[in-house]
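Participant: Contents of structure_35.cif (mmCIF, C-alpha atoms):
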data_target
loop_
_atom_site.label_atom_id
_atom_site.label_comp_id
_atom_site.auth_asym_id
_atom_site.auth_seq_id
_atom_site.Cartn_x
_atom_site.Cartn_y
_atom_site.Cartn_z
CA MET A 1 66.75 0.59 -14.84
CA GLU A 2 69.96 2.36 -15.86
CA PHE A 3 73.16 0.68 -16.99
CA LYS A 4 76.10 1.15 -14.61
CA ASP A 5 79.61 1.62 -16.01
CA TYR A 6 81.70 0.05 -13.27
CA TYR A 7 84.94 0.95 -15.02
CA ALA A 8 83.99 4.64 -14.97
CA VAL A 9 83.01 4.36 -11.29
CA LEU A 10 86.55 3.23 -10.44
CA GLY A 11 88.17 5.48 -13.04
CA VAL A 12 89.98 2.68 -14.90
CA GLU A 13 90.09 1.53 -18.52
CA ARG A 14 88.15 -1.53 -19.64
CA ASP A 15 91.41 -3.44 -20.20
CA ALA A 16 92.80 -2.57 -16.77
CA THR A 17 94.78 -5.22 -14.91
CA GLN A 18 93.52 -6.65 -11.64
CA ASP A 19 96.22 -4.73 -9.75
CA GLU A 20 95.12 -1.46 -11.37
CA ILE A 21 91.52 -2.17 -10.38
CA LYS A 22 92.54 -2.98 -6.80
CA ARG A 23 94.68 0.16 -6.44
CA ALA A 24 91.92 2.37 -7.86
CA TYR A 25 89.36 0.90 -5.49
CA ARG A 26 91.55 1.27 -2.39
CA LYS A 27 92.40 4.88 -3.23
CA LEU A 28 88.77 5.88 -3.77
CA ALA A 29 87.48 3.81 -0.85
CA ARG A 30 89.81 5.70 1.51
CA LYS A 31 88.63 9.00 0.04
CA TYR A 32 84.91 8.24 0.38
CA HIS A 33 84.81 6.07 3.50
CA PRO A 34 81.89 7.45 5.54
CA ASP A 35 83.94 7.43 8.77
CA VAL A 36 86.59 9.82 7.42
CA SER A 37 85.21 11.56 4.33
CA LYS A 38 83.79 15.08 4.43
CA GLU A 39 82.10 14.66 1.04
CA ALA A 40 78.32 15.12 1.12
CA ASP A 41 77.72 12.02 -0.98
CA ALA A 42 80.39 9.88 0.69
CA ASP A 43 78.03 7.10 1.78
CA ALA A 44 76.46 6.69 -1.67
CA ARG A 45 79.83 6.88 -3.42
CA PHE A 46 81.35 4.33 -1.05
CA LYS A 47 78.54 1.86 -1.76
CA GLU A 48 78.86 2.48 -5.50
CA LEU A 49 82.60 1.81 -5.32
CA GLY A 50 82.03 -1.40 -3.37
CA GLU A 51 79.52 -2.62 -5.94
CA ALA A 52 81.85 -1.85 -8.86
CA TYR A 53 84.75 -3.59 -7.14
CA GLU A 54 82.58 -6.59 -6.29
CA VAL A 55 82.14 -7.20 -10.02
CA LEU A 56 85.49 -6.13 -11.49
CA LYS A 57 87.68 -7.92 -8.93
CA ASP A 58 85.97 -11.23 -9.73
CA PRO A 59 87.13 -12.57 -13.13
CA GLU A 60 83.92 -14.56 -13.65
CA LYS A 61 81.56 -11.68 -12.89
CA ARG A 62 83.77 -9.27 -14.84
CA LEU A 63 83.72 -11.41 -17.97
CA ALA A 64 79.95 -11.81 -17.81
CA TYR A 65 79.50 -8.07 -17.17
CA ASP A 66 81.75 -7.19 -20.12
CA GLN A 67 79.78 -9.38 -22.49
CA VAL A 68 76.26 -8.41 -21.41
CA GLY A 69 77.26 -4.73 -21.30
CA ARG A 70 78.95 -4.60 -24.68
CA GLY A 71 77.81 -1.43 -26.48
CA GLN A 72 76.03 -0.04 -23.40
CA ARG A 73 76.62 3.43 -21.94
CA ALA A 74 76.27 4.67 -18.37
CA GLY A 75 72.75 5.87 -17.67
CA GLN A 76 71.29 4.12 -20.71
CA ASP A 77 68.04 2.20 -20.17
CA PHE A 78 68.98 -1.43 -19.65
CA ARG A 79 67.25 -4.78 -19.28
CA PRO A 80 69.40 -7.92 -19.36
CA PRO A 81 68.23 -10.55 -21.87
CA PRO A 82 66.58 -13.54 -20.13
CA ASP A 83 69.32 -15.93 -21.26
CA TRP A 84 72.29 -13.57 -20.95
CA ASP A 85 74.14 -15.80 -18.46
CA THR A 86 73.59 -19.15 -20.18
CA GLY A 87 76.89 -20.99 -20.48
CA PHE A 88 78.76 -18.87 -17.89
CA GLU A 89 80.41 -20.72 -15.03
CA PHE A 90 80.47 -19.02 -11.62
CA ARG A 91 81.86 -19.89 -8.21
CA GLY A 92 79.85 -20.12 -4.99
CA GLY A 93 77.25 -17.46 -4.16
CA GLY A 94 76.66 -13.95 -5.39
CA TYR A 95 78.44 -11.77 -2.78
CA THR A 96 82.16 -11.87 -2.05
CA GLN A 97 82.82 -8.26 -1.04
CA GLU A 98 84.19 -7.92 2.48
CA GLY A 99 81.74 -6.23 4.82
CA TYR A 100 78.64 -7.44 2.98
CA ALA A 101 76.68 -10.54 3.91
CA ARG A 102 75.23 -12.63 1.11
CA GLU A 103 71.77 -11.89 2.43
CA ASP A 104 72.39 -8.12 2.39
CA SER A 105 70.85 -7.42 -1.00
CA ALA A 106 70.27 -3.79 0.02
CA ALA A 107 74.03 -3.23 -0.21
CA PHE A 108 73.87 -3.27 -4.00
CA SER A 109 71.76 -1.65 -6.70
CA ASP A 110 68.89 -3.11 -8.70
CA PHE A 111 71.29 -3.22 -11.65
CA PHE A 112 73.64 -5.54 -9.78
CA GLU A 113 70.73 -7.63 -8.51
CA SER A 114 69.37 -8.07 -12.05
CA LEU A 115 72.67 -9.61 -13.13
CA PHE A 116 74.12 -11.34 -10.09
CA GLY A 117 71.55 -11.24 -7.29
CA GLN A 118 70.06 -14.63 -8.21
CA ARG A 119 73.45 -16.18 -7.50
CA ARG A 120 72.58 -16.04 -3.81
CA GLY A 121 70.58 -19.21 -4.36
CA TYR A 122 73.80 -21.14 -4.88
CA GLY A 123 76.12 -21.79 -2.02
CA SER A 124 79.03 -24.12 -1.44
CA THR A 125 76.73 -26.43 0.50
CA GLY A 126 73.17 -27.63 0.25
CA PHE A 127 71.32 -29.32 -2.55
CA GLY A 128 67.67 -28.84 -3.46
CA SER A 129 65.34 -31.79 -3.29
CA THR A 130 64.37 -31.24 -6.93
CA GLY A 131 67.89 -31.82 -8.27
CA PHE A 132 69.53 -34.81 -9.86
CA ASP A 133 72.88 -36.09 -8.61
CA SER A 134 75.65 -37.00 -11.01
CA THR A 135 79.16 -37.57 -9.80
CA GLY A 136 82.49 -37.35 -11.48
CA PHE A 137 83.37 -38.66 -14.90
CA GLY A 138 84.22 -42.33 -15.00
CA SER A 139 86.31 -44.28 -17.49
CA ASP A 140 83.42 -44.19 -19.96
CA GLY A 141 83.47 -40.38 -19.94
CA PHE A 142 79.98 -39.93 -18.51
CA ALA A 143 78.64 -38.59 -15.23
CA HIS A 144 77.38 -41.23 -12.79
CA GLY A 145 74.87 -41.00 -9.95
CA GLU A 146 75.65 -40.75 -6.26
CA SER A 147 73.48 -40.39 -3.17
CA ASP A 148 73.63 -37.24 -1.02
CA GLY A 149 74.99 -39.31 1.86
CA ALA A 150 78.20 -40.00 -0.04
CA ARG A 151 79.08 -36.34 -0.51
CA TYR A 152 82.48 -35.16 0.61
CA ARG A 153 83.07 -33.56 3.99
CA THR A 154 86.00 -31.42 5.12
CA ARG A 155 88.35 -33.29 7.49
CA GLY A 156 91.22 -31.84 9.44
CA ALA A 157 93.35 -29.38 7.48
CA ASN A 158 91.92 -30.56 4.19
CA VAL A 159 89.68 -27.91 2.66
CA ARG A 160 86.95 -28.84 0.22
CA GLY A 161 86.92 -26.84 -2.99
CA GLU A 162 84.18 -24.30 -3.63
CA ASP A 163 81.16 -25.33 -5.67
CA HIS A 164 80.65 -23.92 -9.15
CA HIS A 165 77.38 -23.37 -10.96
CA ALA A 166 76.23 -22.60 -14.48
CA LYS A 167 73.00 -22.24 -16.40
CA VAL A 168 72.78 -24.47 -19.48
CA SER A 169 70.19 -24.60 -22.24
CA ILE A 170 68.81 -27.87 -23.61
CA ALA A 171 66.10 -28.85 -26.08
CA LEU A 172 62.67 -29.69 -24.67
CA GLU A 173 62.90 -33.03 -26.47
CA ASP A 174 65.85 -33.96 -24.21
CA ALA A 175 63.59 -33.73 -21.16
CA TYR A 176 61.13 -36.19 -22.72
CA ARG A 177 63.61 -38.94 -23.54
CA GLY A 178 66.88 -38.10 -21.76
CA ALA A 179 70.04 -37.39 -23.70
CA THR A 180 73.80 -37.11 -23.64
CA ARG A 181 75.03 -33.65 -24.52
CA THR A 182 78.42 -32.01 -24.91
CA LEU A 183 78.24 -28.64 -23.15
CA THR A 184 80.80 -25.83 -23.28
CA LEU A 185 81.10 -23.46 -20.32
CA GLN A 186 83.07 -20.23 -20.18
CA SER A 187 84.48 -18.33 -17.24
CA GLY A 188 86.96 -15.54 -16.65
CA GLU A 189 90.52 -15.94 -15.45
CA ILE A 190 93.56 -13.69 -15.04
CA ASP A 191 96.58 -14.23 -17.32
CA GLU A 192 100.26 -13.80 -16.47
CA GLN A 193 100.05 -10.06 -17.16
CA GLY A 194 97.15 -9.63 -14.76
CA ARG A 195 94.56 -9.11 -17.51
CA LEU A 196 91.21 -10.75 -17.94
CA ARG A 197 90.76 -13.55 -20.45
CA SER A 198 88.07 -16.08 -21.25
CA ARG A 199 88.53 -19.75 -20.41
CA HIS A 200 86.39 -22.52 -21.90
CA ARG A 201 85.90 -26.11 -20.87
CA THR A 202 83.79 -28.84 -22.42
CA LEU A 203 81.86 -31.48 -20.48
CA LYS A 204 79.93 -34.53 -21.64
CA VAL A 205 76.77 -34.71 -19.53
CA ARG A 206 73.82 -37.09 -19.31
CA ILE A 207 70.53 -35.20 -19.19
CA PRO A 208 68.06 -37.27 -17.10
CA LYS A 209 64.66 -38.05 -18.56
CA GLY A 210 62.03 -35.89 -16.89
CA VAL A 211 64.29 -32.96 -15.94
CA LYS A 212 62.37 -29.69 -15.44
CA GLN A 213 63.28 -26.13 -16.20
CA GLY A 214 65.11 -24.67 -13.20
CA GLN A 215 66.17 -28.09 -11.93
CA ARG A 216 69.82 -28.67 -11.12
CA ILE A 217 72.15 -31.49 -12.09
CA ARG A 218 75.15 -32.02 -9.79
CA LEU A 219 78.49 -33.07 -11.25
CA SER A 220 80.65 -34.16 -8.34
CA GLY A 221 84.27 -33.05 -8.30
CA GLN A 222 83.88 -30.65 -11.22
CA GLY A 223 84.00 -27.49 -9.09
CA GLU A 224 86.98 -25.69 -7.53
CA PRO A 225 89.97 -27.92 -6.64
CA GLY A 226 90.41 -28.56 -2.90
CA LEU A 227 93.30 -27.32 -0.74
CA GLY A 228 95.69 -29.40 1.30
CA GLY A 229 94.57 -32.59 -0.36
CA GLY A 230 90.91 -31.80 0.16
CA PRO A 231 88.30 -32.90 -2.38
CA ALA A 232 87.15 -30.70 -5.24
CA GLY A 233 83.84 -28.93 -5.07
CA ASP A 234 80.87 -29.81 -7.25
CA LEU A 235 79.47 -28.21 -10.38
CA TYR A 236 75.72 -27.51 -10.45
CA LEU A 237 74.08 -27.15 -13.84
CA GLU A 238 70.77 -25.30 -13.80
CA ILE A 239 68.55 -26.45 -16.67
CA GLU A 240 66.64 -24.11 -18.92
CA PHE A 241 64.88 -24.99 -22.15
CA GLU A 242 65.78 -23.49 -25.48
CA PRO A 243 62.96 -21.40 -26.98
CA HIS A 244 60.74 -23.69 -29.06
CA ARG A 245 58.80 -22.59 -32.13
CA ARG A 246 55.87 -24.83 -31.20
CA TYR A 247 55.72 -25.54 -27.46
CA GLN A 248 55.46 -23.49 -24.28
CA VAL A 249 56.42 -25.00 -20.91
CA GLU A 250 55.25 -24.35 -17.35
CA GLY A 251 56.55 -26.80 -14.78
CA ARG A 252 55.91 -30.22 -16.29
CA ASP A 253 52.96 -29.02 -18.39
CA VAL A 254 53.39 -28.32 -22.09
CA THR A 255 51.15 -26.14 -24.26
CA VAL A 256 50.91 -26.33 -28.05
CA LYS A 257 48.77 -24.52 -30.64
CA LEU A 258 47.20 -26.89 -33.18
CA PRO A 259 45.90 -25.62 -36.54
CA VAL A 260 42.56 -27.20 -37.49
CA ALA A 261 40.25 -26.84 -40.47
CA PRO A 262 36.83 -25.19 -40.00
CA TRP A 263 35.00 -28.46 -40.66
CA GLU A 264 37.17 -30.31 -38.12
CA ALA A 265 36.24 -27.76 -35.46
CA ALA A 266 32.56 -27.65 -36.46
CA LEU A 267 31.91 -31.36 -37.05
CA GLY A 268 34.48 -32.92 -34.75
CA ALA A 269 37.43 -35.00 -35.87
CA THR A 270 40.30 -37.19 -34.76
CA VAL A 271 43.61 -35.49 -35.50
CA THR A 272 47.29 -36.22 -34.92
CA VAL A 273 49.05 -33.96 -32.41
CA PRO A 274 52.85 -33.84 -32.79
CA MET A 275 54.61 -34.16 -29.43
CA PRO A 276 58.21 -33.49 -28.39
CA GLU A 277 58.49 -37.27 -28.33
CA GLY A 278 56.34 -39.00 -30.96
CA SER A 279 52.70 -38.07 -31.60
CA VAL A 280 49.24 -38.80 -30.19
CA GLU A 281 45.72 -39.06 -31.62
CA MET A 282 43.23 -36.57 -30.16
CA LYS A 283 39.46 -36.21 -30.60
CA ILE A 284 38.15 -32.71 -31.30
CA PRO A 285 34.59 -32.34 -29.95
CA PRO A 286 31.97 -31.05 -32.43
CA ASP A 287 31.15 -27.34 -32.39
CA SER A 288 34.61 -26.36 -31.12
CA GLN A 289 35.78 -22.77 -31.44
CA SER A 290 39.20 -21.34 -32.11
CA GLY A 291 41.00 -20.96 -28.77
CA ARG A 292 39.38 -24.00 -27.16
CA ARG A 293 41.84 -25.76 -24.83
CA LEU A 294 41.95 -29.56 -24.70
CA ARG A 295 44.00 -31.62 -22.26
CA LEU A 296 46.08 -34.68 -23.05
CA LYS A 297 46.57 -36.15 -19.60
CA GLY A 298 50.07 -37.37 -18.77
CA ARG A 299 51.54 -36.20 -22.08
CA GLY A 300 53.67 -33.45 -20.58
CA ILE A 301 57.22 -33.83 -19.31
CA PRO A 302 57.71 -37.29 -17.72
CA GLY A 303 57.78 -37.49 -13.93
CA GLN A 304 55.99 -38.81 -10.87
CA PRO A 305 53.39 -37.70 -11.75
CA PRO A 306 53.95 -36.63 -15.36
CA GLY A 307 52.73 -33.28 -16.62
CA ASP A 308 49.89 -32.74 -19.07
CA CYS A 309 49.86 -31.40 -22.61
CA TYR A 310 47.33 -28.64 -23.31
CA VAL A 311 46.31 -28.24 -26.95
CA THR A 312 44.86 -24.89 -28.03
CA LEU A 313 42.79 -25.12 -31.22
CA GLU A 314 43.53 -22.57 -33.90
CA VAL A 315 40.94 -22.59 -36.71
CA VAL A 316 42.61 -21.84 -40.04
CA LEU A 317 40.47 -20.78 -43.02
CA PRO A 318 41.12 -22.11 -46.52
CA SER A 319 42.18 -19.49 -49.06
CA ALA A 320 39.31 -18.09 -51.15
CA LYS A 321 41.37 -17.49 -54.28
CA ARG A 322 39.68 -20.30 -56.23
CA ASP A 323 36.19 -19.74 -57.66
CA ASP A 324 34.80 -23.01 -56.33
CA VAL A 325 36.00 -22.17 -52.80
CA LYS A 326 34.42 -18.72 -53.10
CA ALA A 327 31.16 -20.35 -54.14
CA ALA A 328 31.32 -22.70 -51.16
CA TYR A 329 31.84 -19.76 -48.79
CA ARG A 330 28.84 -17.93 -50.32
CA GLN A 331 26.68 -21.03 -49.94
CA LEU A 332 27.76 -21.42 -46.30
CA ALA A 333 26.96 -17.75 -45.61
CA ALA A 334 23.49 -18.17 -47.07
CA VAL A 335 22.75 -21.41 -45.20
CA ALA A 336 24.27 -20.57 -41.79
CA GLY A 337 22.92 -17.05 -41.41
CA PHE A 338 25.82 -16.44 -39.03
CA ASN A 339 26.77 -13.02 -37.65
CA PRO A 340 29.84 -13.21 -35.36
CA ARG A 341 29.25 -9.61 -34.21
CA ALA A 342 25.63 -10.07 -33.17
CA ASP A 343 26.29 -9.72 -29.44
CA ALA A 344 28.28 -6.51 -29.90
CA GLU A 345 25.67 -5.00 -32.21
CA ASN A 346 22.89 -5.83 -29.73
CA GLY A 347 24.84 -4.19 -26.91
CA SER A 348 25.19 -7.37 -24.88
#
Re-express the file's structure as structure tokens.
Facilitator:
Amino acid sequence: MEFKDYYAVLGVERDATQDEIKRAYRKLARKYHPDVSKEADADARFKELGEAYEVLKDPEKRLAYDQVGRGQRAGQDFRPPPDWDTGFEFRGGGYTQEGYAREDSAAFSDFFESLFGQRRGYGSTGFGSTGFDSTGFGSDGFAHGESDGARYRTRGANVRGEDHHAKVSIALEDAYRGATRTLTLQSGEIDEQGRLRSRHRTLKVRIPKGVKQGQRIRLSGQGEPGLGGGPAGDLYLEIEFEPHRRYQVEGRDVTVKLPVAPWEAALGATVTVPMPEGSVEMKIPPDSQSGRRLRLKGRGIPGQPPGDCYVTLEVVLPSAKRDDVKAAYRQLAAVAGFNPRADAENGS
């Protein structure tokens, strides 16, 4: 996939004001509109202009695009990092360009979809059954729970504010025990001179015990302010786990590699397995091989039901630098008569 330089598409500088971006788009859109243009590539150019304007007219998308695209050139091979959008706060869904429905993903390129297409999953209404509700910030400074039935509705001329959403990264350990975390979100806004700038806000959030990767926490009233006295929208925080040096996560299941000594694998042993929360004793069956997978039922991320923890054995050999260890290896070789390549050498 090639990187798209949206500034070059519209013919503006990277520090262009919003008015300069709007004027450039309108001028080029008139030139390449398929109904009036005689250019052979008018349709493709018009779509390209619409895609560029979709990003650069939106301060939040523009800020995220500027940061993920720093140092990139048009046409250069590009793959966005998996966590590129962590900590960015966005409004509503993914498509705001007039003339394009949110469902019309064909209107934009794969490049756009790789950055902003997933935003279509977030709208100003609706709440997945896998999410946790948290509402407002009370006098104690924390988010508090609320049922879906108590959510705001638009009445009369009052207009409810648009929902916001952001992806936030937490430690796996927080999912095991719950936690209170101070999270900083950034979004783009336009200053008095019409130029883009970054805005940050900090929230103190309770992370519920048992939260899964991809699950959403709703903070009521922390979205866009309402109009005409209407209520503010909500802020949805999508949870992802920080990369862990020891554990891998899939759903509520957790996988860990456990180093074991050769005699523990061969003879069997009871060993201590460190967990994200505490530790657990596990029996290794005799005659185990490196790569064997053992299950600790219910030791994954808490829930109803909880996940499991899968332990992959990794046999680690003692160093043979000492003479007595070398002698022990030679004695084992003589006694065991073991050839790990026997099957390959016999052609089976």
Participant: Since I can't run it myself right now, could you work out what the PyMOL selection byres ((chain A and resi 260) around 12) selects here and report it as a VMD selection string?
Facilitator: chain A and resid 257 to 259 261 to 273 282 to 284 288 to 292 311 to 318
Participant: Closest to A:Glu113 among A:Lys31, A:Arg322, A:Arg293, A:Arg79, using only C-alpha atoms?
Facilitator: A:Arg79
Participant: List every residue of stretch 222-271 of chain A that has an atom at most 12 Å from any atom of stretch 177-196 of chain A, and for each one report the closest atom pair and its distance in Å to one decimal, counting only C-alpha atoms, with rows sorted by chain and then by increasing residue number, as CSV.
Facilitator:
residue,atom,partner,partner_atom,distance
A:Gln222,CA,A:Leu185,CA,11.9
A:Leu235,CA,A:Leu185,CA,11.1
A:Tyr236,CA,A:Leu185,CA,11.9
A:Leu237,CA,A:Leu185,CA,10.2
A:Ile239,CA,A:Leu183,CA,11.9
Participant: Between A:Gly11, A:Pro285, A:Tyr310, A:Asp343, which residue has the minimum interatomic distance to A:Tyr247, considering all atoms listed in the file?
Facilitator: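 Of A:Gly11, A:Pro285, A:Tyr310, A:Asp343, the one nearest A:Tyr247 is A:Tyr310, counting all atoms listed in the file.
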Participant: Near A:Lys57, within 12 Å and counting only C-alpha atoms, which residues show up once chain neighbours fewer than 4 positions away are dropped, as a PyMOL selection string?
Facilitator: chain A and resi 6-7+10+16-26+49-53+61-63+65+95-98+188-190+194-196
Participant: Any chance you can output those residues with C-alpha atoms as a PDB file, keeping the file's coordinate frame?
Facilitator:
ATOM      1  CA  TYR A   6      81.700   0.050 -13.270  1.00  0.00           C
ATOM      2  CA  TYR A   7      84.940   0.950 -15.020  1.00  0.00           C
ATOM      3  CA  LEU A  10      86.550   3.230 -10.440  1.00  0.00           C
ATOM      4  CA  ALA A  16      92.800  -2.570 -16.770  1.00  0.00           C
ATOM      5  CA  THR A  17      94.780  -5.220 -14.910  1.00  0.00           C
ATOM      6  CA  GLN A  18      93.520  -6.650 -11.640  1.00  0.00           C
ATOM      7  CA  ASP A  19      96.220  -4.730  -9.750  1.00  0.00           C
ATOM      8  CA  GLU A  20      95.120  -1.460 -11.370  1.00  0.00           C
ATOM      9  CA  ILE A  21      91.520  -2.170 -10.380  1.00  0.00           C
ATOM     10  CA  LYS A  22      92.540  -2.980  -6.800  1.00  0.00           C
ATOM     11  CA  ARG A  23      94.680   0.160  -6.440  1.00  0.00           C
ATOM     12  CA  ALA A  24      91.920   2.370  -7.860  1.00  0.00           C
ATOM     13  CA  TYR A  25      89.360   0.900  -5.490  1.00  0.00           C
ATOM     14  CA  ARG A  26      91.550   1.270  -2.390  1.00  0.00           C
ATOM     15  CA  LEU A  49      82.600   1.810  -5.320  1.00  0.00           C
ATOM     16  CA  GLY A  50      82.030  -1.400  -3.370  1.00  0.00           C
ATOM     17  CA  GLU A  51      79.520  -2.620  -5.940  1.00  0.00           C
ATOM     18  CA  ALA A  52      81.850  -1.850  -8.860  1.00  0.00           C
ATOM     19  CA  TYR A  53      84.750  -3.590  -7.140  1.00  0.00           C
ATOM     20  CA  LYS A  61      81.560 -11.680 -12.890  1.00  0.00           C
ATOM     21  CA  ARG A  62      83.770  -9.270 -14.840  1.00  0.00           C
ATOM     22  CA  LEU A  63      83.720 -11.410 -17.970  1.00  0.00           C
ATOM     23  CA  TYR A  65      79.500  -8.070 -17.170  1.00  0.00           C
ATOM     24  CA  TYR A  95      78.440 -11.770  -2.780  1.00  0.00           C
ATOM     25  CA  THR A  96      82.160 -11.870  -2.050  1.00  0.00           C
ATOM     26  CA  GLN A  97      82.820  -8.260  -1.040  1.00  0.00           C
ATOM     27  CA  GLU A  98      84.190  -7.920   2.480  1.00  0.00           C
ATOM     28  CA  GLY A 188      86.960 -15.540 -16.650  1.00  0.00           C
ATOM     29  CA  GLU A 189      90.520 -15.940 -15.450  1.00  0.00           C
ATOM     30  CA  ILE A 190      93.560 -13.690 -15.040  1.00  0.00           C
ATOM     31  CA  GLY A 194      97.150  -9.630 -14.760  1.00  0.00           C
ATOM     32  CA  ARG A 195      94.560  -9.110 -17.510  1.00  0.00           C
ATOM     33  CA  LEU A 196      91.210 -10.750 -17.940  1.00  0.00           C
TER      34      LEU A 196
END
Participant: When you draw a straight line from atom CA of A:Pro59 to atom CA of A:Phe88, how long is it in Å?
Facilitator: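 Straight-line distance from atom CA of A:Pro59 to atom CA of A:Phe88 works out to 11.5 Å.
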